[in-house]
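Just model_39.cif here, mmCIF, N, CA and C atoms:
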data_work
#
loop_
_atom_site.label_atom_id
_atom_site.label_comp_id
_atom_site.auth_asym_id
_atom_site.auth_seq_id
_atom_site.Cartn_x
_atom_site.Cartn_y
_atom_site.Cartn_z
N MET A 1 100.99 125.51 96.16
CA MET A 1 101.46 124.81 97.34
C MET A 1 102.02 125.84 98.32
N THR A 2 101.70 125.69 99.56
CA THR A 2 102.19 126.64 100.57
C THR A 2 103.50 126.14 101.15
N ASP A 3 104.30 127.08 101.62
CA ASP A 3 105.58 126.76 102.23
C ASP A 3 105.39 126.69 103.74
N ASN A 4 105.55 125.52 104.33
CA ASN A 4 105.38 125.33 105.76
C ASN A 4 106.72 125.47 106.45
N GLN A 5 107.00 126.64 106.98
CA GLN A 5 108.29 126.92 107.62
C GLN A 5 108.47 126.15 108.93
N GLY A 6 107.38 125.70 109.55
CA GLY A 6 107.48 125.03 110.84
C GLY A 6 107.79 123.54 110.74
N ALA A 7 107.66 122.96 109.56
CA ALA A 7 107.90 121.53 109.40
C ALA A 7 109.35 121.28 109.02
N SER A 8 110.10 120.81 109.97
CA SER A 8 111.50 120.48 109.70
C SER A 8 111.96 119.47 110.74
N TYR A 9 113.06 118.80 110.45
CA TYR A 9 113.62 117.88 111.44
C TYR A 9 113.97 118.64 112.72
N ALA A 10 114.59 119.81 112.56
CA ALA A 10 114.99 120.60 113.73
C ALA A 10 113.77 120.99 114.57
N ALA A 11 112.68 121.39 113.90
CA ALA A 11 111.47 121.78 114.63
C ALA A 11 110.88 120.59 115.39
N ALA A 12 111.15 119.38 114.89
CA ALA A 12 110.65 118.17 115.55
C ALA A 12 111.62 117.67 116.62
N GLY A 13 112.73 118.38 116.80
CA GLY A 13 113.69 117.99 117.84
C GLY A 13 114.79 117.07 117.36
N VAL A 14 114.94 116.93 116.05
CA VAL A 14 115.98 116.06 115.50
C VAL A 14 117.20 116.90 115.13
N ASP A 15 118.35 116.52 115.66
CA ASP A 15 119.60 117.22 115.37
C ASP A 15 120.43 116.37 114.41
N ILE A 16 120.33 116.66 113.12
CA ILE A 16 121.02 115.90 112.08
C ILE A 16 122.53 115.93 112.29
N GLU A 17 123.07 117.08 112.62
CA GLU A 17 124.52 117.19 112.82
C GLU A 17 124.99 116.33 113.99
N ALA A 18 124.22 116.27 115.06
CA ALA A 18 124.58 115.42 116.20
C ALA A 18 124.56 113.95 115.78
N GLY A 19 123.61 113.58 114.96
CA GLY A 19 123.56 112.20 114.46
C GLY A 19 124.76 111.88 113.60
N ASP A 20 125.14 112.82 112.74
CA ASP A 20 126.33 112.62 111.90
C ASP A 20 127.58 112.47 112.75
N ARG A 21 127.69 113.28 113.80
CA ARG A 21 128.85 113.18 114.70
C ARG A 21 128.87 111.83 115.42
N ALA A 22 127.71 111.36 115.83
CA ALA A 22 127.63 110.06 116.50
C ALA A 22 128.09 108.94 115.57
N VAL A 23 127.70 109.01 114.31
CA VAL A 23 128.14 107.99 113.34
C VAL A 23 129.65 108.05 113.16
N GLU A 24 130.21 109.25 113.08
CA GLU A 24 131.67 109.39 112.95
C GLU A 24 132.39 108.78 114.15
N LEU A 25 131.85 108.97 115.34
CA LEU A 25 132.47 108.40 116.54
C LEU A 25 132.30 106.88 116.60
N PHE A 26 131.19 106.39 116.14
CA PHE A 26 130.88 104.97 116.20
C PHE A 26 131.58 104.16 115.11
N ALA A 27 131.83 104.77 113.95
CA ALA A 27 132.35 104.05 112.79
C ALA A 27 133.62 103.24 113.08
N PRO A 28 134.63 103.81 113.75
CA PRO A 28 135.84 103.01 114.01
C PRO A 28 135.56 101.77 114.86
N LEU A 29 134.66 101.88 115.81
CA LEU A 29 134.30 100.73 116.65
C LEU A 29 133.57 99.66 115.83
N ALA A 30 132.69 100.10 114.96
CA ALA A 30 131.95 99.16 114.12
C ALA A 30 132.89 98.43 113.17
N LYS A 31 133.86 99.13 112.63
CA LYS A 31 134.82 98.50 111.71
C LYS A 31 135.65 97.45 112.43
N ARG A 32 136.00 97.70 113.69
CA ARG A 32 136.78 96.73 114.47
C ARG A 32 135.96 95.50 114.83
N ALA A 33 134.67 95.65 114.92
CA ALA A 33 133.80 94.55 115.35
C ALA A 33 133.27 93.72 114.19
N THR A 34 133.72 93.98 112.99
CA THR A 34 133.18 93.28 111.82
C THR A 34 133.76 91.87 111.70
N ARG A 35 133.13 91.07 110.86
CA ARG A 35 133.60 89.73 110.55
C ARG A 35 133.36 89.48 109.06
N PRO A 36 133.95 88.45 108.50
CA PRO A 36 133.85 88.21 107.05
C PRO A 36 132.42 88.06 106.54
N GLU A 37 131.51 87.61 107.39
CA GLU A 37 130.13 87.40 106.95
C GLU A 37 129.34 88.69 106.79
N VAL A 38 129.84 89.79 107.32
CA VAL A 38 129.12 91.06 107.22
C VAL A 38 129.20 91.58 105.79
N ARG A 39 128.05 91.95 105.25
CA ARG A 39 127.98 92.51 103.89
C ARG A 39 127.56 93.97 104.00
N GLY A 40 128.10 94.78 103.12
CA GLY A 40 127.75 96.20 103.14
C GLY A 40 128.60 96.95 104.14
N GLY A 41 128.20 98.15 104.41
CA GLY A 41 128.95 99.00 105.33
C GLY A 41 128.04 99.78 106.24
N LEU A 42 128.64 100.64 107.00
CA LEU A 42 127.91 101.47 107.95
C LEU A 42 127.14 102.56 107.21
N GLY A 43 125.93 102.81 107.64
CA GLY A 43 125.17 103.92 107.08
C GLY A 43 123.93 103.53 106.32
N GLY A 44 123.74 102.27 106.02
CA GLY A 44 122.52 101.86 105.33
C GLY A 44 121.36 101.74 106.29
N PHE A 45 120.21 101.41 105.76
CA PHE A 45 119.03 101.27 106.60
C PHE A 45 118.95 99.91 107.26
N ALA A 46 119.72 98.94 106.74
CA ALA A 46 119.71 97.59 107.30
C ALA A 46 121.11 97.00 107.21
N GLY A 47 121.38 96.08 108.11
CA GLY A 47 122.64 95.35 108.06
C GLY A 47 122.42 93.99 107.43
N LEU A 48 123.42 93.51 106.69
CA LEU A 48 123.33 92.22 106.03
C LEU A 48 124.42 91.30 106.53
N PHE A 49 124.07 90.04 106.75
CA PHE A 49 124.99 89.05 107.28
C PHE A 49 124.82 87.76 106.49
N ALA A 50 125.91 87.27 105.91
CA ALA A 50 125.85 86.05 105.11
C ALA A 50 125.76 84.82 106.01
N LEU A 51 124.85 83.92 105.67
CA LEU A 51 124.70 82.66 106.39
C LEU A 51 125.32 81.56 105.53
N GLY A 52 126.48 81.08 105.91
CA GLY A 52 127.29 80.21 105.08
C GLY A 52 126.75 78.83 104.76
N LYS A 53 125.84 78.29 105.52
CA LYS A 53 125.39 76.92 105.29
C LYS A 53 124.31 76.82 104.21
N TYR A 54 123.91 77.93 103.64
CA TYR A 54 122.84 77.94 102.65
C TYR A 54 123.37 78.52 101.35
N LYS A 55 122.59 78.40 100.28
CA LYS A 55 123.01 78.92 98.98
C LYS A 55 122.74 80.42 98.90
N GLU A 56 123.76 81.21 99.15
CA GLU A 56 123.75 82.67 99.06
C GLU A 56 122.64 83.36 99.86
N PRO A 57 122.35 82.92 101.07
CA PRO A 57 121.34 83.63 101.86
C PRO A 57 121.95 84.82 102.59
N LEU A 58 121.13 85.79 102.88
CA LEU A 58 121.54 86.93 103.69
C LEU A 58 120.49 87.15 104.77
N LEU A 59 120.96 87.36 105.98
CA LEU A 59 120.10 87.75 107.07
C LEU A 59 120.11 89.28 107.11
N ALA A 60 118.95 89.88 107.02
CA ALA A 60 118.85 91.35 107.06
C ALA A 60 118.26 91.76 108.40
N ALA A 61 118.86 92.75 109.02
CA ALA A 61 118.38 93.23 110.31
C ALA A 61 118.44 94.75 110.34
N GLY A 62 117.53 95.34 111.05
CA GLY A 62 117.52 96.79 111.18
C GLY A 62 116.77 97.20 112.43
N SER A 63 116.96 98.43 112.81
CA SER A 63 116.22 98.99 113.94
C SER A 63 116.00 100.47 113.66
N ASP A 64 115.02 101.01 114.29
CA ASP A 64 114.70 102.41 114.05
C ASP A 64 114.02 102.97 115.29
N GLY A 65 114.13 104.25 115.46
CA GLY A 65 113.41 104.92 116.54
C GLY A 65 112.01 105.30 116.08
N VAL A 66 111.17 105.63 117.00
CA VAL A 66 109.80 105.99 116.64
C VAL A 66 109.73 107.39 116.03
N GLY A 67 110.78 108.18 116.22
CA GLY A 67 110.80 109.52 115.64
C GLY A 67 109.58 110.34 116.05
N THR A 68 109.04 111.06 115.11
CA THR A 68 107.90 111.92 115.41
C THR A 68 106.56 111.20 115.27
N LYS A 69 106.59 109.97 114.76
CA LYS A 69 105.33 109.24 114.56
C LYS A 69 104.54 109.10 115.86
N LEU A 70 105.23 108.78 116.94
CA LEU A 70 104.55 108.62 118.22
C LEU A 70 103.99 109.96 118.71
N ALA A 71 104.75 111.03 118.51
CA ALA A 71 104.27 112.36 118.91
C ALA A 71 103.00 112.74 118.14
N VAL A 72 102.98 112.43 116.85
CA VAL A 72 101.79 112.72 116.03
C VAL A 72 100.61 111.89 116.52
N ALA A 73 100.84 110.60 116.78
CA ALA A 73 99.75 109.74 117.27
C ALA A 73 99.20 110.26 118.60
N GLN A 74 100.09 110.69 119.48
CA GLN A 74 99.63 111.21 120.77
C GLN A 74 98.87 112.52 120.60
N ALA A 75 99.36 113.39 119.73
CA ALA A 75 98.68 114.67 119.49
C ALA A 75 97.29 114.47 118.89
N MET A 76 97.15 113.44 118.07
CA MET A 76 95.87 113.15 117.43
C MET A 76 95.00 112.22 118.28
N ASP A 77 95.54 111.74 119.40
CA ASP A 77 94.86 110.77 120.26
C ASP A 77 94.38 109.58 119.44
N LYS A 78 95.26 109.12 118.56
CA LYS A 78 94.96 107.97 117.69
C LYS A 78 96.08 106.95 117.87
N HIS A 79 95.78 105.91 118.61
CA HIS A 79 96.81 104.92 118.95
C HIS A 79 96.54 103.54 118.35
N ASP A 80 95.43 103.38 117.65
CA ASP A 80 95.07 102.06 117.15
C ASP A 80 95.86 101.62 115.93
N THR A 81 96.58 102.53 115.27
CA THR A 81 97.33 102.16 114.07
C THR A 81 98.83 102.41 114.20
N ILE A 82 99.28 102.98 115.29
CA ILE A 82 100.69 103.37 115.39
C ILE A 82 101.61 102.15 115.37
N GLY A 83 101.21 101.05 115.99
CA GLY A 83 102.04 99.84 115.98
C GLY A 83 102.24 99.31 114.57
N ILE A 84 101.16 99.28 113.79
CA ILE A 84 101.24 98.83 112.40
C ILE A 84 102.18 99.74 111.62
N ASP A 85 102.05 101.04 111.80
CA ASP A 85 102.87 102.00 111.09
C ASP A 85 104.35 101.84 111.44
N LEU A 86 104.65 101.64 112.72
CA LEU A 86 106.04 101.51 113.14
C LEU A 86 106.67 100.23 112.61
N VAL A 87 105.93 99.12 112.61
CA VAL A 87 106.45 97.88 112.04
C VAL A 87 106.65 98.04 110.54
N ALA A 88 105.70 98.65 109.86
CA ALA A 88 105.82 98.86 108.41
C ALA A 88 107.04 99.71 108.08
N MET A 89 107.34 100.71 108.91
CA MET A 89 108.50 101.56 108.69
C MET A 89 109.79 100.73 108.75
N CYS A 90 109.88 99.84 109.71
CA CYS A 90 111.08 98.99 109.84
C CYS A 90 111.18 97.99 108.69
N VAL A 91 110.05 97.39 108.30
CA VAL A 91 110.05 96.45 107.19
C VAL A 91 110.47 97.16 105.90
N ASP A 92 109.98 98.36 105.70
CA ASP A 92 110.34 99.13 104.51
C ASP A 92 111.86 99.35 104.44
N ASP A 93 112.49 99.60 105.56
CA ASP A 93 113.94 99.78 105.58
C ASP A 93 114.66 98.49 105.19
N LEU A 94 114.08 97.35 105.49
CA LEU A 94 114.72 96.07 105.17
C LEU A 94 114.60 95.71 103.69
N VAL A 95 113.50 96.10 103.08
CA VAL A 95 113.31 95.73 101.68
C VAL A 95 113.76 96.87 100.79
#
Is it possible to express this structure as structure tokens?
Amino acid sequence: MTDNQGASYAAAGVDIEAGDRAVELFAPLAKRATRPEVRGGLGGFAGLFALGKYKEPLLAAGSDGVGTKLAVAQAMDKHDTIGIDLVAMCVDDLV
């Protein structure tokens, strides 16, 4: 297997440390905005919210950026599957 030195989050323009700092700044605000129905905590791939009128249901919600997937699709001039891939990525985070 070859070592690809060019493949990294940083090379793709992603600043992990900046993201971590943003979460640290956002966390106190998120904690203040919570309610008893919120399940879990900050940092997961999806948020969970209890719906009280049903037998133990949870509403799961999430969002994600397109990241490098769109850049790859544009570089390959292949746009017919990118929508499917992006939806699948979000669904995967929920399950």
On this file, the PyMOL selection byres (((chain A and resi 90 and name CA) around 10) and name CA) gives some set of residues; write that set as a ChimeraX atom specification. /A:45-46,61-66,85-89,91-95
Might you spell out which residues the PyMOL selection byres ((chain A and resi 23-37) around 6) would select in the displayed file, as JSON, numbers by chain? {"A": [19, 20, 21, 22, 38, 39, 48, 49, 50]}
Those residues with N, CA and C atoms, as a short mmCIF file (atom, residue, chain, number, x, y, z; two decimals), in the coordinates of the input please?
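Final output, result.cif:
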data_model
loop_
_atom_site.label_atom_id
_atom_site.label_comp_id
_atom_site.auth_asym_id
_atom_site.auth_seq_id
_atom_site.Cartn_x
_atom_site.Cartn_y
_atom_site.Cartn_z
N GLY A 19 123.61 113.58 114.96
CA GLY A 19 123.56 112.20 114.46
C GLY A 19 124.76 111.88 113.60
N ASP A 20 125.14 112.82 112.74
CA ASP A 20 126.33 112.62 111.90
C ASP A 20 127.58 112.47 112.75
N ARG A 21 127.69 113.28 113.80
CA ARG A 21 128.85 113.18 114.70
C ARG A 21 128.87 111.83 115.42
N ALA A 22 127.71 111.36 115.83
CA ALA A 22 127.63 110.06 116.50
C ALA A 22 128.09 108.94 115.57
N VAL A 38 129.84 89.79 107.32
CA VAL A 38 129.12 91.06 107.22
C VAL A 38 129.20 91.58 105.79
N ARG A 39 128.05 91.95 105.25
CA ARG A 39 127.98 92.51 103.89
C ARG A 39 127.56 93.97 104.00
N LEU A 48 123.42 93.51 106.69
CA LEU A 48 123.33 92.22 106.03
C LEU A 48 124.42 91.30 106.53
N PHE A 49 124.07 90.04 106.75
CA PHE A 49 124.99 89.05 107.28
C PHE A 49 124.82 87.76 106.49
N ALA A 50 125.91 87.27 105.91
CA ALA A 50 125.85 86.05 105.11
C ALA A 50 125.76 84.82 106.01
#
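Here CA of Ala11 in chain A and CA of Gln74 in chain A stand 17.0 Å from one another.
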May I ask for the distance between CA of Leu58 in chain A and CA of Gly43 in chain A, given in Å to one decimal place? 17.7 Å
Apply DSSP to the backbone of this structure and, from chain A, keep only the residues in strand (DSSP E or B); write these as a list in words.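 Those in chain A that DSSP calls strand (DSSP E or B) are Val38, Arg39, Gly47, Leu48, Phe49, Ala50, Leu58, Leu59, Ala60 and Ala61 of chain A.
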Work out how far apart atom N of Leu70 in chain A and atom C of Ile16 in chain A are and give it in Å to one decimal.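 Between atom N of Leu70 in chain A and atom C of Ile16 in chain A the gap is 19.3 Å.
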Have a look at A:Asp77, A:Leu51, A:Gly67, A:Gly83 and name the one nearest to Ala12 in chain A; count all atoms listed in the file.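 Using all atoms listed in the file, the shortest distance to Ala12 in chain A belongs to A:Gly67.
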DSSP helix (DSSP H, G or I) selection over chain A, as JSON, numbers by chain: {"A": [16, 17, 18, 19, 20, 21, 22, 23, 24, 25, 26, 27, 28, 29, 30, 31, 32, 69, 70, 71, 72, 73, 74, 75, 76, 82, 83, 84, 85, 86, 87, 88, 89, 90, 91, 92, 93, 94]}
